[in-house]
file target38.tsv (TSV, C-alpha atoms)
chain	number	residue	atom	x	y	z
A	1	MET	CA	89.19	-128.21	87.26
A	2	ARG	CA	92.04	-130.71	86.96
A	3	PHE	CA	91.68	-134.44	86.40
A	4	ALA	CA	94.22	-137.26	86.39
A	5	HIS	CA	94.34	-141.04	86.22
A	6	LEU	CA	96.28	-142.08	89.30
A	7	ARG	CA	97.39	-145.32	90.91
A	8	VAL	CA	98.34	-146.17	94.45
A	9	GLU	CA	101.88	-147.57	94.58
A	10	GLY	CA	101.76	-151.30	93.90
A	11	ARG	CA	98.35	-151.17	92.20
A	12	SER	CA	97.99	-151.59	88.44
A	13	ILE	CA	94.54	-150.10	87.87
A	14	PRO	CA	94.35	-146.30	87.52
A	15	ARG	CA	91.42	-144.39	89.03
A	16	LEU	CA	90.02	-141.03	88.02
A	17	ALA	CA	90.80	-138.26	90.50
A	18	VAL	CA	90.39	-134.53	90.88
A	19	VAL	CA	93.73	-132.85	91.51
A	20	SER	CA	93.70	-129.96	93.97
A	21	GLY	CA	97.03	-128.38	94.86
A	22	ASP	CA	99.43	-131.12	95.90
A	23	GLY	CA	96.69	-133.66	96.55
A	24	ALA	CA	94.21	-135.84	94.71
A	25	LEU	CA	90.61	-136.80	95.49
A	26	PHE	CA	89.60	-140.18	94.09
A	27	LEU	CA	86.09	-139.84	92.70
A	28	ASP	CA	85.09	-143.42	93.52
A	29	GLU	CA	85.65	-142.61	97.20
A	30	VAL	CA	83.14	-139.74	97.23
A	31	MET	CA	80.72	-140.90	94.51
A	32	GLY	CA	80.66	-144.66	94.92
A	33	ASP	CA	79.03	-146.46	92.00
A	34	GLU	CA	78.12	-143.08	90.46
A	35	ALA	CA	81.77	-142.27	89.79
A	36	PRO	CA	82.95	-142.26	86.16
A	37	ARG	CA	85.55	-144.99	85.73
A	38	ASP	CA	87.81	-142.77	83.65
A	39	LEU	CA	87.99	-139.43	81.86
A	40	GLN	CA	86.38	-140.83	78.71
A	41	GLU	CA	83.25	-141.79	80.61
A	42	LEU	CA	83.15	-138.39	82.31
A	43	ILE	CA	83.42	-136.62	78.95
A	44	GLU	CA	80.63	-138.76	77.50
A	45	ARG	CA	78.35	-137.67	80.36
A	46	GLY	CA	78.41	-134.14	78.94
A	47	ASP	CA	78.17	-130.81	80.74
A	48	THR	CA	75.65	-132.11	83.26
A	49	GLY	CA	77.98	-134.92	84.27
A	50	LEU	CA	80.92	-132.58	84.71
A	51	GLU	CA	78.92	-130.16	86.85
A	52	HIS	CA	77.71	-133.02	89.02
A	53	VAL	CA	81.29	-134.19	89.60
A	54	ARG	CA	82.40	-130.62	90.21
A	55	ALA	CA	79.78	-130.05	92.90
A	56	ILE	CA	80.57	-133.28	94.76
A	57	ALA	CA	84.34	-132.86	94.54
A	58	ASP	CA	84.27	-129.20	95.60
A	59	ALA	CA	82.12	-130.05	98.61
A	60	ALA	CA	84.37	-132.96	99.64
A	61	ILE	CA	87.54	-130.89	99.30
A	62	GLU	CA	86.01	-128.01	101.24
A	63	GLU	CA	84.95	-130.32	104.08
A	64	GLY	CA	88.41	-131.85	104.15
A	65	PRO	CA	89.14	-134.90	106.33
A	66	ALA	CA	85.73	-134.59	107.96
A	67	ALA	CA	84.08	-135.69	104.70
A	68	GLU	CA	83.48	-139.42	104.47
A	69	GLY	CA	86.02	-140.80	102.00
A	70	GLY	CA	87.02	-137.26	101.07
A	71	ARG	CA	90.67	-137.36	102.01
A	72	LEU	CA	93.12	-135.67	99.66
A	73	VAL	CA	95.94	-138.11	98.98
A	74	PRO	CA	99.35	-136.47	98.50
A	75	LEU	CA	100.45	-136.75	94.87
A	76	THR	CA	103.86	-137.90	96.08
A	77	GLU	CA	102.20	-141.15	97.21
A	78	LEU	CA	100.62	-141.81	93.81
A	79	ARG	CA	101.66	-142.79	90.29
A	80	HIS	CA	100.27	-141.28	87.09
A	81	SER	CA	98.83	-143.09	84.12
A	82	SER	CA	98.18	-141.37	80.79
A	83	ALA	CA	95.98	-138.28	81.03
A	84	VAL	CA	93.65	-140.02	78.55
A	85	LEU	CA	93.11	-143.79	78.69
A	86	ARG	CA	90.46	-144.69	76.09
A	87	PRO	CA	90.42	-141.90	73.52
A	88	PRO	CA	88.43	-142.91	70.41
A	89	GLN	CA	91.37	-141.60	68.41
A	90	VAL	CA	94.62	-139.69	68.79
A	91	LEU	CA	95.29	-137.23	65.99
A	92	ALA	CA	98.49	-135.25	65.49
A	93	ILE	CA	99.26	-132.16	63.44
A	94	GLY	CA	102.67	-132.05	61.81
A	95	ALA	CA	104.84	-129.03	60.93
A	96	ASN	CA	102.48	-126.64	62.73
A	97	TYR	CA	105.20	-124.23	63.86
A	98	ALA	CA	107.19	-122.55	61.09
A	99	ALA	CA	110.47	-122.82	63.00
A	100	HIS	CA	110.05	-126.58	63.48
A	101	ALA	CA	109.09	-127.17	59.84
A	102	SER	CA	112.12	-125.17	58.72
A	103	GLU	CA	114.64	-126.89	61.00
A	104	LEU	CA	113.51	-130.35	59.85
A	105	LYS	CA	113.40	-129.18	56.21
A	106	LEU	CA	109.77	-130.19	55.87
A	107	ARG	CA	107.69	-128.91	52.99
A	108	SER	CA	105.20	-126.16	53.72
A	109	GLU	CA	101.93	-127.66	52.54
A	110	SER	CA	98.80	-125.68	51.70
A	111	ALA	CA	96.80	-128.17	53.76
A	112	MET	CA	97.46	-129.49	57.24
A	113	THR	CA	99.70	-132.50	57.77
A	114	ILE	CA	97.61	-134.96	59.82
A	115	PHE	CA	98.46	-138.42	61.10
A	116	SER	CA	97.29	-140.86	63.77
A	117	LEU	CA	99.15	-142.01	66.87
A	118	TRP	CA	98.59	-145.57	68.05
A	119	PRO	CA	96.96	-146.01	71.49
A	120	ASN	CA	99.80	-148.24	72.74
A	121	SER	CA	102.02	-145.14	72.64
A	122	LEU	CA	100.12	-143.42	75.47
A	123	ALA	CA	102.05	-143.10	78.74
A	124	GLY	CA	101.81	-141.18	81.99
A	125	HIS	CA	103.80	-138.54	83.82
A	126	GLY	CA	106.83	-139.97	85.60
A	127	GLN	CA	106.82	-143.22	83.64
A	128	THR	CA	109.80	-144.75	81.86
A	129	THR	CA	109.71	-145.11	78.08
A	130	THR	CA	111.91	-147.82	76.59
A	131	TRP	CA	112.97	-148.65	73.05
A	132	PRO	CA	115.42	-151.09	71.41
A	133	GLU	CA	118.80	-149.62	70.57
A	134	ASP	CA	118.92	-151.47	67.25
A	135	LEU	CA	115.57	-149.99	66.14
A	136	SER	CA	116.36	-146.30	66.51
A	137	SER	CA	119.37	-144.24	67.56
A	138	GLN	CA	117.74	-140.84	66.86
A	139	VAL	CA	114.88	-140.55	69.35
A	140	ASP	CA	113.75	-136.93	69.71
A	141	TYR	CA	111.42	-134.90	71.93
A	142	GLU	CA	108.54	-132.64	70.84
A	143	ALA	CA	106.62	-130.39	73.26
A	144	GLU	CA	102.98	-130.13	72.21
A	145	LEU	CA	99.68	-128.77	73.49
A	146	GLY	CA	97.08	-131.55	73.69
A	147	VAL	CA	93.42	-130.73	73.05
A	148	ILE	CA	90.59	-133.02	74.17
A	149	ILE	CA	87.28	-132.77	72.32
A	150	GLY	CA	84.15	-132.65	74.49
A	151	ARG	CA	81.25	-133.29	72.09
A	152	PRO	CA	80.79	-134.53	68.53
A	153	ALA	CA	82.29	-131.98	66.16
A	154	ARG	CA	81.09	-131.99	62.55
A	155	GLY	CA	81.24	-129.06	60.15
A	156	VAL	CA	82.32	-126.67	62.91
A	157	HIS	CA	83.03	-123.04	62.06
A	158	VAL	CA	86.30	-121.58	63.34
A	159	ARG	CA	84.45	-119.02	65.47
A	160	ASP	CA	82.63	-121.81	67.35
A	161	ALA	CA	85.41	-124.40	67.48
A	162	LEU	CA	86.71	-123.72	70.99
A	163	ASP	CA	83.22	-124.45	72.34
A	164	TYR	CA	83.90	-128.10	71.44
A	165	VAL	CA	87.02	-128.33	73.61
A	166	TRP	CA	86.62	-130.23	76.89
A	167	GLY	CA	90.12	-129.66	78.16
A	168	TYR	CA	93.84	-129.39	77.57
A	169	THR	CA	96.89	-131.42	78.51
A	170	VAL	CA	100.63	-131.64	77.88
A	171	VAL	CA	101.96	-134.04	75.24
A	172	ASN	CA	105.51	-135.11	74.42
A	173	ASP	CA	105.36	-136.39	70.84
A	174	ILE	CA	108.48	-138.57	71.04
A	175	THR	CA	109.78	-139.39	67.55
A	176	ALA	CA	112.29	-141.83	66.05
A	177	ARG	CA	113.77	-139.46	63.45
A	178	ASP	CA	115.73	-142.08	61.52
A	179	ILE	CA	112.50	-144.00	60.94
A	180	GLN	CA	110.49	-140.83	60.26
A	181	PHE	CA	112.73	-139.84	57.36
A	182	SER	CA	112.93	-143.36	55.93
A	183	GLU	CA	109.16	-143.92	55.58
A	184	ALA	CA	106.37	-142.11	53.76
A	185	GLN	CA	104.11	-141.93	56.83
A	186	TRP	CA	104.76	-140.67	60.36
A	187	SER	CA	102.58	-142.92	62.52
A	188	ARG	CA	105.04	-145.74	63.20
A	189	CYS	CA	107.99	-143.53	64.09
A	190	LYS	CA	105.89	-141.79	66.75
A	191	SER	CA	103.96	-144.79	68.06
A	192	PHE	CA	106.49	-147.00	69.82
A	193	ASP	CA	105.20	-148.13	73.21
A	194	GLY	CA	105.28	-145.10	75.50
A	195	PHE	CA	106.15	-142.57	72.78
A	196	THR	CA	103.11	-140.35	73.55
A	197	PRO	CA	103.32	-139.35	77.21
A	198	SER	CA	100.43	-137.09	78.26
A	199	GLY	CA	99.59	-135.30	81.49
A	200	PRO	CA	100.16	-134.92	84.31
A	201	VAL	CA	96.57	-133.62	84.29
A	202	VAL	CA	93.77	-132.58	81.97
A	203	VAL	CA	92.68	-129.02	82.70
A	204	THR	CA	89.08	-128.19	81.81
A	205	ALA	CA	88.64	-125.62	79.07
A	206	ASP	CA	87.19	-122.98	81.38
A	207	GLU	CA	90.60	-122.62	83.07
A	208	ILE	CA	92.46	-121.79	79.84
A	209	ALA	CA	91.39	-118.35	78.63
A	210	ASP	CA	93.28	-118.55	75.33
A	211	PRO	CA	95.02	-121.69	74.02
A	212	GLN	CA	97.09	-119.45	71.73
A	213	ASP	CA	98.66	-117.68	74.69
A	214	LEU	CA	100.51	-120.45	76.51
A	215	TRP	CA	104.26	-120.90	76.96
A	216	LEU	CA	105.92	-124.27	76.21
A	217	THR	CA	109.36	-125.45	77.29
A	218	THR	CA	111.32	-128.67	77.01
A	219	ASN	CA	114.00	-129.44	79.60
A	220	LEU	CA	116.32	-132.32	78.73
A	221	ASP	CA	118.70	-133.34	81.52
A	222	GLY	CA	118.75	-129.81	82.93
A	223	HIS	CA	118.98	-127.93	79.61
A	224	ILE	CA	116.14	-125.89	78.10
A	225	LEU	CA	115.93	-126.93	74.44
A	226	GLN	CA	112.48	-125.69	73.43
A	227	ASP	CA	111.10	-122.34	74.59
A	228	ALA	CA	108.16	-120.88	72.66
A	229	SER	CA	104.55	-119.73	72.73
A	230	THR	CA	101.49	-121.41	71.27
A	231	ASN	CA	100.83	-118.12	69.45
A	232	GLU	CA	103.53	-119.27	67.03
A	233	MET	CA	101.31	-122.05	65.65
A	234	VAL	CA	100.78	-121.85	61.90
A	235	ARG	CA	97.19	-122.94	62.50
A	236	GLY	CA	95.60	-122.36	65.88
A	237	VAL	CA	93.48	-124.77	67.89
A	238	ALA	CA	90.19	-123.42	66.54
A	239	GLU	CA	91.33	-123.71	62.93
A	240	ILE	CA	92.59	-127.27	63.51
A	241	ILE	CA	89.25	-128.39	64.96
A	242	SER	CA	87.28	-126.70	62.19
A	243	TYR	CA	89.46	-128.25	59.47
A	244	LEU	CA	89.32	-131.78	60.89
A	245	SER	CA	85.54	-131.57	61.34
A	246	ARG	CA	84.88	-130.78	57.69
A	247	SER	CA	85.41	-134.32	56.48
A	248	ALA	CA	84.54	-136.44	59.51
A	249	THR	CA	82.88	-136.18	62.88
A	250	ILE	CA	85.43	-135.82	65.69
A	251	PRO	CA	84.09	-137.95	68.56
A	252	PRO	CA	84.14	-136.85	72.20
A	253	GLY	CA	87.35	-137.78	73.97
A	254	THR	CA	89.54	-137.44	70.89
A	255	LEU	CA	93.03	-136.19	71.74
A	256	ILE	CA	94.57	-133.79	69.23
A	257	SER	CA	98.29	-133.08	69.52
A	258	THR	CA	98.77	-129.69	67.92
A	259	GLY	CA	102.40	-129.65	66.79
A	260	SER	CA	105.78	-128.72	68.24
A	261	PRO	CA	107.82	-125.50	68.16
A	262	GLY	CA	111.43	-125.17	67.02
A	263	GLY	CA	114.35	-126.54	69.01
A	264	ALA	CA	114.20	-130.24	68.10
A	265	GLY	CA	117.30	-132.23	68.89
A	266	TYR	CA	117.61	-133.52	65.33
A	267	SER	CA	118.31	-130.03	63.98
A	268	ARG	CA	120.91	-129.03	66.56
A	269	SER	CA	124.64	-129.00	65.95
A	270	PRO	CA	125.72	-131.31	67.39
A	271	GLN	CA	122.49	-133.25	67.37
A	272	VAL	CA	120.83	-134.00	70.71
A	273	PHE	CA	118.76	-137.14	71.20
A	274	LEU	CA	117.12	-138.95	74.08
A	275	ARG	CA	119.53	-141.51	75.50
A	276	ASP	CA	119.58	-144.27	78.07
A	277	GLY	CA	119.05	-142.53	81.41
A	278	SER	CA	117.75	-139.25	79.95
A	279	THR	CA	114.98	-137.35	81.71
A	280	VAL	CA	112.86	-134.98	79.64
A	281	THR	CA	110.25	-132.59	81.05
A	282	VAL	CA	107.75	-130.72	78.90
A	283	THR	CA	105.99	-127.82	80.62
A	284	ILE	CA	103.01	-125.81	79.42
A	285	GLU	CA	101.94	-122.71	81.29
A	286	GLY	CA	98.63	-123.15	83.09
A	287	ILE	CA	98.63	-126.94	82.74
A	288	GLY	CA	101.74	-128.45	84.29
A	289	SER	CA	104.97	-130.37	83.74
A	290	LEU	CA	105.15	-133.80	82.12
A	291	THR	CA	108.28	-135.83	82.89
A	292	THR	CA	109.46	-138.92	81.04
A	293	HIS	CA	112.43	-141.12	81.91
A	294	CYS	CA	114.21	-142.91	79.07
A	295	ARG	CA	115.67	-146.39	78.90
A	296	VAL	CA	117.38	-147.92	75.86
A	297	ILE	CA	117.35	-151.71	75.83

call {"tool": "encode", "arguments": {"input": "target38.tsv", "output": "structure tokens"}}
result
Amino acid sequence: MRFAHLRVEGRSIPRLAVVSGDGALFLDEVMGDEAPRDLQELIERGDTGLEHVRAIADAAIEEGPAAEGGRLVPLTELRHSSAVLRPPQVLAIGANYAAHASELKLRSESAMTIFSLWPNSLAGHGQTTTWPEDLSSQVDYEAELGVIIGRPARGVHVRDALDYVWGYTVVNDITARDIQFSEAQWSRCKSFDGFTPSGPVVVTADEIADPQDLWLTTNLDGHILQDASTNEMVRGVAEIISYLSRSATIPPGTLISTGSPGGAGYSRSPQVFLRDGSTVTVTIEGIGSLTTHCRVI
């Protein structure tokens, strides 16, 4: 099942919808006051809540226009907000593909490199991300698989870790490289407003048979610059969840961005960065394509 936070043109408040084909079913139109206000609330309702939504949405979509309030709205008439709106935390894994670590000349640590992304950085598919020209001139793209946790995870064994996944999304971990390599931590360089686009949808875990068998690409202004498989991760999704859960409980709704493959613009000769007017699209097989427009101010 696919979920998105969508807005009608001219409206500022996103609503949770089920995406089916080229259309979206707003849950508040078929569930009334029972509808979860956003993905975080739906996740917190657990498996029973998801199955209840699934049953109502499937019935409304099957009935089509005859269903009261069950009209599928064409996605072309709607605007996306971030795939997650109120995650309790956003965690990111650095240097998790050997090719990416090598091209950026990052040390290969025995333990995972983990940092937080600030919630103001979240943005939606099709939105425009802006940044001041005098703050960074080396803004880079990073295609990443996003993992959303579905229930509290504490002391989870690797073999059980995927049972804690609620769903998956696409993340572009946009990074100001000049700031990244001038500071000892990586949170600020990756947390400008709009630097963590996610979406266009969250796909429930049952639709992704193996998160280590997905293809990622990055298309910048018509050129494919990243092209790799999630099987190239140094540490897979299950190992990441298990490792993080050893020291602290991972709350439901947490978004984990699992690292980017090789092909970053910083390492190219000549270097390639996001510029004023650039359009970058990150695609992950089985999930979708996440597009971000760039504006330098």

call {"tool": "atom_distance", "arguments": {"input": "target38.tsv", "atom1": "CA of Gln40 in chain A", "atom2": "CA of Ser82 in chain A"}}
result
12.0 Å

call {"tool": "closest_residue", "arguments": {"input": "target38.tsv", "among": "A:Val73, A:Leu50, A:Val165, A:Leu135", "to": "Ala153 in chain A", "atoms": "all atoms listed in the file"}}
result
A:Val165

call {"tool": "closest_atom_pairs", "arguments": {"input": "target38.tsv", "of": "range 32-144 of chain A", "to": "range 5-8 of chain A", "cutoff": "6 Å", "atoms": "only C-alpha atoms", "output": "CSV"}}
result
residue,atom,partner,partner_atom,distance
A:Leu78,CA,A:Val8,CA,5.0
A:Arg79,CA,A:Arg7,CA,5.0
A:His80,CA,A:Leu6,CA,4.6
A:Ser81,CA,A:His5,CA,5.4

call {"tool": "closest_residue", "arguments": {"input": "target38.tsv", "among": "A:Ile250, A:Val90, A:Ala209, A:Ala83", "to": "Leu290 in chain A", "atoms": "only C-alpha atoms"}}
result
A:Ala83

call {"tool": "closest_atom_pairs", "arguments": {"input": "target38.tsv", "of": "range 37-128 of chain A", "to": "range 252-260 of chain A", "cutoff": "8 Å", "atoms": "all atoms listed in the file", "output": "Markdown table"}}
result
| residue | atom | partner | partner_atom | distance |
| --- | --- | --- | --- | --- |
| A:Gln40 | CA | A:Gly253 | CA | 5.7 |
| A:Ile43 | CA | A:Gly253 | CA | 6.4 |
| A:Glu44 | CA | A:Pro252 | CA | 6.6 |
| A:Val84 | CA | A:Leu255 | CA | 7.8 |
| A:Arg86 | CA | A:Gly253 | CA | 7.9 |
| A:Pro87 | CA | A:Gly253 | CA | 5.2 |
| A:Pro88 | CA | A:Thr254 | CA | 5.6 |
| A:Gln89 | CA | A:Thr254 | CA | 5.2 |
| A:Val90 | CA | A:Leu255 | CA | 4.8 |
| A:Leu91 | CA | A:Ile256 | CA | 4.8 |
| A:Ala92 | CA | A:Ser257 | CA | 4.6 |
| A:Ile93 | CA | A:Thr258 | CA | 5.1 |
| A:Gly94 | CA | A:Gly259 | CA | 5.5 |
| A:Ala95 | CA | A:Gly259 | CA | 6.4 |
| A:Asn96 | CA | A:Gly259 | CA | 5.1 |
| A:Tyr97 | CA | A:Ser260 | CA | 6.3 |
| A:His100 | CA | A:Ser260 | CA | 6.7 |

call {"tool": "write_last_selection", "arguments": {"input": "target38.tsv", "atoms": "C-alpha atoms", "output": "compact mmCIF listing (two decimals), keeping the file's coordinate frame"}}
result
# COMPACT_ATOMS: atom_id res chain seq x y z
CA GLN A 40 86.38 -140.83 78.71
CA ILE A 43 83.42 -136.62 78.95
CA GLU A 44 80.63 -138.76 77.50
CA VAL A 84 93.65 -140.02 78.55
CA ARG A 86 90.46 -144.69 76.09
CA PRO A 87 90.42 -141.90 73.52
CA PRO A 88 88.43 -142.91 70.41
CA GLN A 89 91.37 -141.60 68.41
CA VAL A 90 94.62 -139.69 68.79
CA LEU A 91 95.29 -137.23 65.99
CA ALA A 92 98.49 -135.25 65.49
CA ILE A 93 99.26 -132.16 63.44
CA GLY A 94 102.67 -132.05 61.81
CA ALA A 95 104.84 -129.03 60.93
CA ASN A 96 102.48 -126.64 62.73
CA TYR A 97 105.20 -124.23 63.86
CA HIS A 100 110.05 -126.58 63.48

call {"tool": "residues_near_point", "arguments": {"input": "target38.tsv", "point": "(106.3, -137.0, 96.7)", "cutoff": "12 Å", "atoms": "all atoms listed in the file", "output": "list in words"}}
result
Glu9, Asp22, Gly23, Val73, Pro74, Leu75, Thr76, Glu77, Leu78, Arg79 and Gly126 of chain A

call {"tool": "closest_residue", "arguments": {"input": "target38.tsv", "among": "A:Val201, A:Ile297, A:Met112, A:Ile179", "to": "Ser242 in chain A", "atoms": "all atoms listed in the file"}}
result
A:Met112

call {"tool": "closest_residue", "arguments": {"input": "target38.tsv", "among": "A:Ala176, A:Ala228, A:Val147, A:Val171", "to": "Ile241 in chain A", "atoms": "all atoms listed in the file"}}
result
A:Val147

call {"tool": "atom_distance", "arguments": {"input": "target38.tsv", "atom1": "CA of Gly199 in chain A", "atom2": "CA of Leu117 in chain A"}}
result
16.1 Å

call {"tool": "atom_distance", "arguments": {"input": "target38.tsv", "atom1": "CA of Asp178 in chain A", "atom2": "CA of Gly265 in chain A"}}
result
12.4 Å

call {"tool": "residues_around", "arguments": {"input": "target38.tsv", "residues": "Arg2 in chain A", "least_positions_apart": "3", "cutoff": "9 Å", "atoms": "all atoms listed in the file", "output": "list in words"}}
result
Ala17, Val18, Val19, Ser20, Val201, Val202, Val203, Thr204 and Ile287 of chain A

call {"tool": "closest_residue", "arguments": {"input": "target38.tsv", "among": "A:Thr283, A:Phe181, A:Ser187, A:Thr169", "to": "Ile224 in chain A", "atoms": "only C-alpha atoms"}}
result
A:Thr283

call {"tool": "closest_residue", "arguments": {"input": "target38.tsv", "among": "A:Asp173, A:Glu232, A:Glu133, A:Glu63", "to": "Arg295 in chain A", "atoms": "all atoms listed in the file"}}
result
A:Glu133

call {"tool": "residues_around", "arguments": {"input": "target38.tsv", "residues": "Thr218 in chain A", "least_positions_apart": "6", "cutoff": "6 Å", "atoms": "only C-alpha atoms", "output": "ChimeraX atom specification"}}
result
/A:224-226,281-282

call {"tool": "axis_aligned_box", "arguments": {"input": "target38.tsv", "around": "range 152-156 of chain A", "padding_each_side": "8 Å", "output": "AutoDock Vina command-line options"}}
result
--center_x 81.6 --center_y -130.6 --center_z 64.3 --size_x 17.5 --size_y 23.9 --size_z 24.4
